[in-house]
Amino acid sequence: MASTHDAARVLVASNRGPVSYEVQGDGSLRAKRGGGGLVSGLSAIGPDAGALWVCSALSDGDREAVRRGVGEDGVRMLDIPAEVHSDAYNGVANSVLWFVHHMLYQTPLEPVFDAAFRRQWENYRRYNLAFAEALAGDAADGAAVLVQDYHLTLVPGMLRELRPDLRIGHFSHTPWAPVDYFRILPDDVAREVLDGMLGADRLGFLTRRWADAFTACSTELAGGLGATEVGVHGLGADADFLRARSHEADVAERMAALRTEIGAGRRTIVRVDRTELSKNIVRGLLAYRHLLQDRPEWRERVVHVAFAYPSRQDLAVYREYTAEVRRLADEINDAFGTPGWTPVVLHVKDDFARSLAAYRLADVALVNPVRDGMNLVAKEVPVVSDEGCALVLSREAGAYEELGEDAIVVNPYDVLATADALHEALTMPPSERAERTKRLAGAATALPPEQWFLEQLRALTA
Ligand code: F6P
């Protein structure tokens, strides 16, 4: 990657960067590298491509790293004032734009766009401008800039003003709201978001459905797409990485521990999620409770292994949701559990090796989001599964477009139908399960992260 002082030829901008820092007891900083599609995607262009990743400092450790001038080559972390970041990230991005695109509001009471929202919106603008200015300052003539997600919707327009020479792309990792729901936003805010996005040469989405929703919003509310192109790039699972990583020793250890928790001879229904409102973990538990209630033959014979990792705990509604997941899991265990059988094995501490272990031994994977940009768990499980795994999949997940045919598809709001789908999945003959899993793995890996990234870069610079 380029040293941060050279002008960069390929730039990525995202709220969360590829590295984060923690202040240790002795005052030193410990760096932690993250994974994900963008990290492996960017590695595909090689160390000499002149790449720069612009991201925001998120933690106190990150801010300290910026102040001490500690950093990695090819990464520029922006020290945006904490209250500006919090208004932009918690206030606007996660509490408004995320809710709009995932249709999460309980509309009789929320949202309320008042003076506090207007202050947050001002800070969302400031935060976007900080990114646009950093990118404008670091980009070489005619460089390609790939802006990520709903945190940075205003950047393409702002950057276009500052640097008309650049090729600007924006990629949405979330769904896009249908017109009627998008219009919940104050009119001027809706227009500013669309105009900001339309400052890009090219917009990328995970599925045709989200791309069409954006096009409909811009046609209805912003006079059309203008010169902006819209493309679809369905990020796939990274098969090579997953297969190798899931056969390391720590995963085998976690499998042994999980098998003990589950108990011999029992079937497993696995889910792995951030504890995210859109993931629908609570209705998943309700469906499982129905399964145990209505089909008593499954008692003692099945375990719901649910990993629900903490997410966005600054927001009260996420903390409350997390508490509800725990409460319901306890309630099911109290109602149905026996001395030798815990019906729900819930883990809330993020552990990637344990997630892979659960993928390997799952009989059924439950992926039932109310709405999801893609959902990579649905794509990863079939790749990693040892003996084939039946996939119960929400029709509202982006992954449904590619995996729907070989999954057992559910309406995520219908817990009785989800309970039936779990039963069907648990009773699927092993040969059918194995065949479906093979086809699911094929579809899930059609566009690995490296290609996903290169495809966008090529389309942008063509
Ligand atoms: O789906 C959008 C997204 O930004 C993903 O890229 C990521 O998995 C998730 O949300 C994480 O959110 P956060 O950075 O708020 O933890």
# chains A, B, ... in the order shown; residues from 1 in each chain; ligands from 1
$ residues_near_ligand --ligand "ligand 1" --cutoff "6 Å" --atoms "only C-alpha atoms and all ligand atoms" --output "VMD selection string"
chain A and resid 16 173 to 174 311
$ residues_around --residues "Arg301 (chain A)" --least-positions-apart "6" --cutoff "8 Å" --atoms "only C-alpha atoms" --output "PyMOL selection string"
chain A and resi 265-267
$ write_last_selection --atoms "N, CA, C and O atoms" --output "PDB file, in the first residue's frame"
ATOM      1  N   GLY A 265     -25.909 -37.223  20.309  1.00  0.00           N
ATOM      2  CA  GLY A 265     -27.038 -37.700  19.512  1.00  0.00           C
ATOM      3  C   GLY A 265     -28.120 -36.663  19.230  1.00  0.00           C
ATOM      4  O   GLY A 265     -29.170 -36.989  18.681  1.00  0.00           O
ATOM      5  N   ARG A 266     -27.886 -35.416  19.600  1.00  0.00           N
ATOM      6  CA  ARG A 266     -28.934 -34.408  19.387  1.00  0.00           C
ATOM      7  C   ARG A 266     -28.707 -33.626  18.100  1.00  0.00           C
ATOM      8  O   ARG A 266     -27.579 -33.411  17.688  1.00  0.00           O
ATOM      9  N   ARG A 267     -29.809 -33.172  17.506  1.00  0.00           N
ATOM     10  CA  ARG A 267     -29.738 -32.290  16.341  1.00  0.00           C
ATOM     11  C   ARG A 267     -29.471 -30.864  16.803  1.00  0.00           C
ATOM     12  O   ARG A 267     -29.801 -30.507  17.936  1.00  0.00           O
TER      13      ARG A 267
END
$ closest_residue --among "A:Ala200, A:Thr342, A:Arg243, A:Val364" --to "Val272 (chain A)" --atoms "only C-alpha atoms"
A:Val364
$ closest_residue --among "A:Ala378, A:Ala134, A:Val370, A:Ile269" --to "Ala421 (chain A)" --atoms "only C-alpha atoms"
A:Ile269
$ residues_around --residues "region 50-65 of chain A" --least-positions-apart "5" --cutoff "7 Å" --atoms "only C-alpha atoms" --output "PyMOL selection string"
chain A and resi 1-2+8-17+20-23+70-71+74-80
$ select_by_dssp --residues "region 64-146 of chain A" --states "helix (DSSP H, G or I)" --output "JSON, numbers by chain"
{"A": [64, 65, 66, 67, 68, 82, 83, 84, 85, 86, 87, 88, 89, 90, 91, 92, 93, 94, 95, 96, 97, 98, 99, 100, 101, 102, 115, 116, 117, 118, 119, 120, 121, 122, 123, 124, 125, 126, 127, 128, 129, 130, 131, 132, 133, 134, 135, 136, 137, 138]}
$ write_last_selection --atoms "N, CA and C atoms" --output "short mmCIF file (atom, residue, chain, number, x, y, z; two decimals), in the first residue's frame"
data_model
loop_
_atom_site.label_atom_id
_atom_site.label_comp_id
_atom_site.auth_asym_id
_atom_site.auth_seq_id
_atom_site.Cartn_x
_atom_site.Cartn_y
_atom_site.Cartn_z
N GLU A 64 -6.21 7.98 20.42
CA GLU A 64 -4.86 8.06 20.98
C GLU A 64 -3.83 7.71 19.90
N ALA A 65 -4.14 6.71 19.10
CA ALA A 65 -3.22 6.31 18.03
C ALA A 65 -3.02 7.46 17.05
N VAL A 66 -4.11 8.14 16.68
CA VAL A 66 -3.99 9.27 15.75
C VAL A 66 -3.11 10.35 16.38
N ARG A 67 -3.37 10.65 17.66
CA ARG A 67 -2.59 11.72 18.33
C ARG A 67 -1.12 11.38 18.42
N ARG A 68 -0.84 10.09 18.67
CA ARG A 68 0.59 9.70 18.78
C ARG A 68 1.23 9.47 17.42
N ALA A 82 -15.41 13.60 19.10
CA ALA A 82 -16.26 12.50 19.57
C ALA A 82 -17.75 12.83 19.47
N GLU A 83 -18.14 14.09 19.78
CA GLU A 83 -19.60 14.38 19.76
C GLU A 83 -20.11 14.47 18.32
N VAL A 84 -19.25 14.91 17.41
CA VAL A 84 -19.64 14.94 15.99
C VAL A 84 -19.82 13.50 15.51
N HIS A 85 -18.85 12.65 15.85
CA HIS A 85 -18.95 11.26 15.43
C HIS A 85 -20.18 10.58 16.01
N SER A 86 -20.42 10.81 17.29
CA SER A 86 -21.54 10.14 17.94
C SER A 86 -22.88 10.57 17.32
N ASP A 87 -23.04 11.87 17.05
CA ASP A 87 -24.29 12.33 16.39
C ASP A 87 -24.43 11.70 15.01
N ALA A 88 -23.31 11.63 14.28
CA ALA A 88 -23.38 11.11 12.91
C ALA A 88 -23.62 9.60 12.91
N TYR A 89 -22.86 8.88 13.75
CA TYR A 89 -22.88 7.41 13.73
C TYR A 89 -24.09 6.86 14.51
N ASN A 90 -24.19 7.24 15.80
CA ASN A 90 -25.31 6.72 16.59
C ASN A 90 -26.62 7.41 16.23
N GLY A 91 -26.56 8.75 16.11
CA GLY A 91 -27.77 9.54 15.94
C GLY A 91 -28.39 9.39 14.56
N VAL A 92 -27.62 9.68 13.51
CA VAL A 92 -28.19 9.68 12.17
C VAL A 92 -28.03 8.31 11.49
N ALA A 93 -26.78 7.83 11.39
CA ALA A 93 -26.56 6.61 10.60
C ALA A 93 -27.31 5.42 11.21
N ASN A 94 -27.06 5.14 12.48
CA ASN A 94 -27.61 3.91 13.05
C ASN A 94 -29.04 4.04 13.57
N SER A 95 -29.44 5.24 13.99
CA SER A 95 -30.80 5.38 14.53
C SER A 95 -31.80 5.87 13.49
N VAL A 96 -31.33 6.42 12.39
CA VAL A 96 -32.27 6.91 11.37
C VAL A 96 -32.07 6.18 10.04
N LEU A 97 -30.92 6.32 9.41
CA LEU A 97 -30.77 5.73 8.07
C LEU A 97 -30.85 4.21 8.12
N TRP A 98 -30.21 3.60 9.12
CA TRP A 98 -30.29 2.13 9.27
C TRP A 98 -31.74 1.69 9.48
N PHE A 99 -32.45 2.44 10.32
CA PHE A 99 -33.86 2.11 10.61
C PHE A 99 -34.72 2.26 9.36
N VAL A 100 -34.45 3.29 8.57
CA VAL A 100 -35.24 3.51 7.35
C VAL A 100 -34.98 2.36 6.37
N HIS A 101 -33.73 2.05 6.11
CA HIS A 101 -33.44 1.02 5.09
C HIS A 101 -33.86 -0.38 5.53
N HIS A 102 -33.84 -0.63 6.85
CA HIS A 102 -34.27 -1.95 7.34
C HIS A 102 -35.73 -1.93 7.80
N ALA A 115 -35.69 19.23 17.02
CA ALA A 115 -34.48 20.06 17.00
C ALA A 115 -33.23 19.21 17.29
N ALA A 116 -33.37 18.20 18.15
CA ALA A 116 -32.21 17.35 18.45
C ALA A 116 -31.76 16.63 17.18
N PHE A 117 -32.73 16.17 16.39
CA PHE A 117 -32.35 15.52 15.13
C PHE A 117 -31.61 16.50 14.22
N ARG A 118 -32.09 17.73 14.17
CA ARG A 118 -31.44 18.71 13.28
C ARG A 118 -29.99 18.96 13.71
N ARG A 119 -29.72 18.95 15.00
CA ARG A 119 -28.33 19.09 15.46
C ARG A 119 -27.50 17.89 14.99
N GLN A 120 -28.09 16.70 15.13
CA GLN A 120 -27.37 15.49 14.70
C GLN A 120 -27.13 15.52 13.20
N TRP A 121 -28.11 16.00 12.49
CA TRP A 121 -27.96 16.07 11.02
C TRP A 121 -26.81 17.03 10.63
N GLU A 122 -26.71 18.16 11.34
CA GLU A 122 -25.58 19.09 11.10
C GLU A 122 -24.26 18.34 11.29
N ASN A 123 -24.19 17.53 12.34
CA ASN A 123 -22.95 16.81 12.62
C ASN A 123 -22.71 15.68 11.61
N TYR A 124 -23.78 15.10 11.12
CA TYR A 124 -23.63 14.10 10.04
C TYR A 124 -23.00 14.77 8.82
N ARG A 125 -23.43 16.00 8.52
CA ARG A 125 -22.81 16.75 7.42
C ARG A 125 -21.33 17.00 7.68
N ARG A 126 -21.02 17.45 8.92
CA ARG A 126 -19.62 17.75 9.27
C ARG A 126 -18.76 16.49 9.12
N TYR A 127 -19.29 15.38 9.61
CA TYR A 127 -18.56 14.11 9.56
C TYR A 127 -18.32 13.70 8.10
N ASN A 128 -19.32 13.84 7.26
CA ASN A 128 -19.15 13.52 5.83
C ASN A 128 -18.15 14.46 5.18
N LEU A 129 -18.21 15.76 5.59
CA LEU A 129 -17.27 16.72 5.00
C LEU A 129 -15.83 16.41 5.40
N ALA A 130 -15.63 15.94 6.63
CA ALA A 130 -14.28 15.57 7.07
C ALA A 130 -13.72 14.47 6.17
N PHE A 131 -14.56 13.50 5.82
CA PHE A 131 -14.12 12.44 4.91
C PHE A 131 -13.83 13.00 3.52
N ALA A 132 -14.75 13.83 3.02
CA ALA A 132 -14.59 14.36 1.66
C ALA A 132 -13.29 15.16 1.57
N GLU A 133 -13.01 15.96 2.60
CA GLU A 133 -11.79 16.79 2.56
C GLU A 133 -10.54 15.93 2.64
N ALA A 134 -10.57 14.89 3.48
CA ALA A 134 -9.41 14.01 3.59
C ALA A 134 -9.16 13.30 2.26
N LEU A 135 -10.22 12.82 1.65
CA LEU A 135 -10.09 12.10 0.37
C LEU A 135 -9.57 13.06 -0.70
N ALA A 136 -10.13 14.27 -0.72
CA ALA A 136 -9.71 15.25 -1.73
C ALA A 136 -8.23 15.56 -1.57
N GLY A 137 -7.76 15.59 -0.32
CA GLY A 137 -6.36 15.92 -0.06
C GLY A 137 -5.40 14.81 -0.40
N ASP A 138 -5.86 13.57 -0.38
CA ASP A 138 -4.95 12.43 -0.53
C ASP A 138 -5.01 11.77 -1.90
#
$ residues_around --residues "region 297-300 of chain A" --least-positions-apart "3" --cutoff "8 Å" --atoms "only C-alpha atoms" --output "ChimeraX atom specification"
/A:266,291-292,303,336,338,341,343
$ select_by_dssp --residues "region 117-223 of chain A" --states "strand (DSSP E or B)" --output "VMD selection string"
chain A and resid 139 to 148 167 to 171 202 to 205
$ write_last_selection --atoms "all heavy atoms" --output "tab-separated table (two decimals), in the first residue's frame"
chain	number	residue	atom	x	y	z
A	139	ALA	N	-5.99	12.13	-2.72
A	139	ALA	CA	-6.17	11.41	-3.99
A	139	ALA	C	-5.29	11.99	-5.10
A	139	ALA	O	-5.20	13.20	-5.27
A	139	ALA	CB	-7.64	11.48	-4.41
A	140	ALA	N	-4.66	11.08	-5.84
A	140	ALA	CA	-3.90	11.49	-7.02
A	140	ALA	C	-4.87	11.94	-8.12
A	140	ALA	O	-6.07	11.65	-8.06
A	140	ALA	CB	-3.06	10.31	-7.53
A	141	ASP	N	-4.35	12.61	-9.14
A	141	ASP	CA	-5.18	13.04	-10.28
A	141	ASP	C	-5.95	11.87	-10.85
A	141	ASP	O	-5.34	10.85	-11.19
A	141	ASP	CB	-4.28	13.60	-11.40
A	141	ASP	CG	-4.02	15.07	-11.20
A	141	ASP	OD1	-4.63	15.65	-10.28
A	141	ASP	OD2	-3.20	15.62	-11.96
A	142	GLY	N	-7.23	12.01	-10.99
A	142	GLY	CA	-8.04	10.97	-11.65
A	142	GLY	C	-8.16	9.67	-10.87
A	142	GLY	O	-8.58	8.65	-11.42
A	143	ALA	N	-7.82	9.70	-9.58
A	143	ALA	CA	-7.87	8.47	-8.76
A	143	ALA	C	-9.30	7.95	-8.63
A	143	ALA	O	-10.27	8.67	-8.87
A	143	ALA	CB	-7.31	8.77	-7.37
A	144	ALA	N	-9.39	6.67	-8.26
A	144	ALA	CA	-10.71	6.04	-8.03
A	144	ALA	C	-10.98	6.01	-6.53
A	144	ALA	O	-10.12	5.60	-5.74
A	144	ALA	CB	-10.72	4.62	-8.58
A	145	VAL	N	-12.17	6.45	-6.14
A	145	VAL	CA	-12.54	6.49	-4.73
A	145	VAL	C	-13.79	5.64	-4.52
A	145	VAL	O	-14.80	5.83	-5.20
A	145	VAL	CB	-12.85	7.94	-4.27
A	145	VAL	CG1	-13.13	7.98	-2.78
A	145	VAL	CG2	-11.70	8.87	-4.63
A	146	LEU	N	-13.69	4.69	-3.58
A	146	LEU	CA	-14.83	3.80	-3.31
A	146	LEU	C	-15.35	4.07	-1.91
A	146	LEU	O	-14.76	3.67	-0.91
A	146	LEU	CB	-14.38	2.34	-3.45
A	146	LEU	CG	-13.99	1.96	-4.89
A	146	LEU	CD1	-12.91	0.91	-4.91
A	146	LEU	CD2	-15.21	1.48	-5.65
A	147	VAL	N	-16.48	4.77	-1.85
A	147	VAL	CA	-17.08	5.20	-0.59
A	147	VAL	C	-18.07	4.12	-0.14
A	147	VAL	O	-18.82	3.60	-0.96
A	147	VAL	CB	-17.81	6.55	-0.78
A	147	VAL	CG1	-18.41	7.03	0.53
A	147	VAL	CG2	-16.85	7.59	-1.36
A	148	GLN	N	-18.06	3.82	1.17
A	148	GLN	CA	-18.88	2.71	1.66
A	148	GLN	C	-20.04	3.17	2.55
A	148	GLN	O	-19.84	3.89	3.52
A	148	GLN	CB	-18.02	1.74	2.49
A	148	GLN	CG	-16.74	1.29	1.81
A	148	GLN	CD	-17.00	0.50	0.54
A	148	GLN	OE1	-17.83	-0.38	0.50
A	148	GLN	NE2	-16.28	0.84	-0.54
A	167	ARG	N	-12.79	9.63	-10.07
A	167	ARG	CA	-13.87	8.66	-10.36
A	167	ARG	C	-14.42	8.24	-9.00
A	167	ARG	O	-13.69	7.69	-8.18
A	167	ARG	CB	-13.30	7.43	-11.10
A	167	ARG	CG	-12.73	7.74	-12.46
A	167	ARG	CD	-13.79	8.19	-13.44
A	167	ARG	NE	-14.78	7.14	-13.70
A	167	ARG	CZ	-15.94	7.35	-14.34
A	167	ARG	NH1	-16.25	8.57	-14.76
A	167	ARG	NH2	-16.76	6.35	-14.58
A	168	ILE	N	-15.69	8.50	-8.78
A	168	ILE	CA	-16.25	8.28	-7.44
A	168	ILE	C	-17.31	7.18	-7.48
A	168	ILE	O	-18.27	7.26	-8.25
A	168	ILE	CB	-16.88	9.58	-6.89
A	168	ILE	CG1	-15.83	10.70	-6.88
A	168	ILE	CG2	-17.44	9.37	-5.48
A	168	ILE	CD1	-16.39	12.08	-6.57
A	169	GLY	N	-17.10	6.17	-6.65
A	169	GLY	CA	-18.09	5.10	-6.51
A	169	GLY	C	-18.62	5.08	-5.08
A	169	GLY	O	-17.96	5.57	-4.16
A	170	HIS	N	-19.81	4.56	-4.91
A	170	HIS	CA	-20.37	4.37	-3.56
A	170	HIS	C	-21.00	2.99	-3.52
A	170	HIS	O	-21.67	2.58	-4.47
A	170	HIS	CB	-21.43	5.44	-3.26
A	170	HIS	CG	-22.01	5.34	-1.87
A	170	HIS	ND1	-22.94	4.37	-1.53
A	170	HIS	CD2	-21.76	6.04	-0.74
A	170	HIS	CE1	-23.24	4.50	-0.24
A	170	HIS	NE2	-22.55	5.51	0.26
A	171	PHE	N	-20.77	2.26	-2.44
A	171	PHE	CA	-21.36	0.94	-2.32
A	171	PHE	C	-22.21	0.86	-1.04
A	171	PHE	O	-21.75	1.23	0.04
A	171	PHE	CB	-20.29	-0.16	-2.29
A	171	PHE	CG	-20.88	-1.52	-2.48
A	171	PHE	CD1	-21.10	-2.03	-3.75
A	171	PHE	CD2	-21.27	-2.29	-1.39
A	171	PHE	CE1	-21.70	-3.27	-3.94
A	171	PHE	CE2	-21.86	-3.53	-1.57
A	171	PHE	CZ	-22.07	-4.02	-2.84
A	202	ARG	N	-20.84	6.09	-10.00
A	202	ARG	CA	-21.40	4.75	-10.00
A	202	ARG	C	-21.81	4.36	-8.59
A	202	ARG	O	-21.06	4.57	-7.64
A	202	ARG	CB	-20.32	3.79	-10.52
A	202	ARG	CG	-20.87	2.50	-11.00
A	202	ARG	CD	-19.86	1.74	-11.84
A	202	ARG	NE	-20.50	0.51	-12.25
A	202	ARG	CZ	-20.72	-0.51	-11.46
A	202	ARG	NH1	-20.30	-0.50	-10.22
A	202	ARG	NH2	-21.35	-1.59	-11.92
A	203	LEU	N	-23.00	3.77	-8.48
A	203	LEU	CA	-23.48	3.28	-7.19
A	203	LEU	C	-23.60	1.77	-7.25
A	203	LEU	O	-24.14	1.22	-8.21
A	203	LEU	CB	-24.86	3.88	-6.89
A	203	LEU	CG	-24.91	5.41	-6.80
A	203	LEU	CD1	-26.36	5.89	-6.68
A	203	LEU	CD2	-24.10	5.89	-5.61
A	204	GLY	N	-23.11	1.10	-6.21
A	204	GLY	CA	-23.19	-0.35	-6.16
A	204	GLY	C	-24.13	-0.81	-5.05
A	204	GLY	O	-24.20	-0.19	-3.99
A	205	PHE	N	-24.85	-1.90	-5.34
A	205	PHE	CA	-25.75	-2.51	-4.35
A	205	PHE	C	-25.53	-4.01	-4.34
A	205	PHE	O	-25.01	-4.59	-5.30
A	205	PHE	CB	-27.22	-2.18	-4.68
A	205	PHE	CG	-27.53	-0.72	-4.52
A	205	PHE	CD1	-27.37	0.14	-5.61
A	205	PHE	CD2	-27.92	-0.21	-3.30
A	205	PHE	CE1	-27.62	1.51	-5.46
A	205	PHE	CE2	-28.17	1.15	-3.15
A	205	PHE	CZ	-28.03	2.01	-4.23
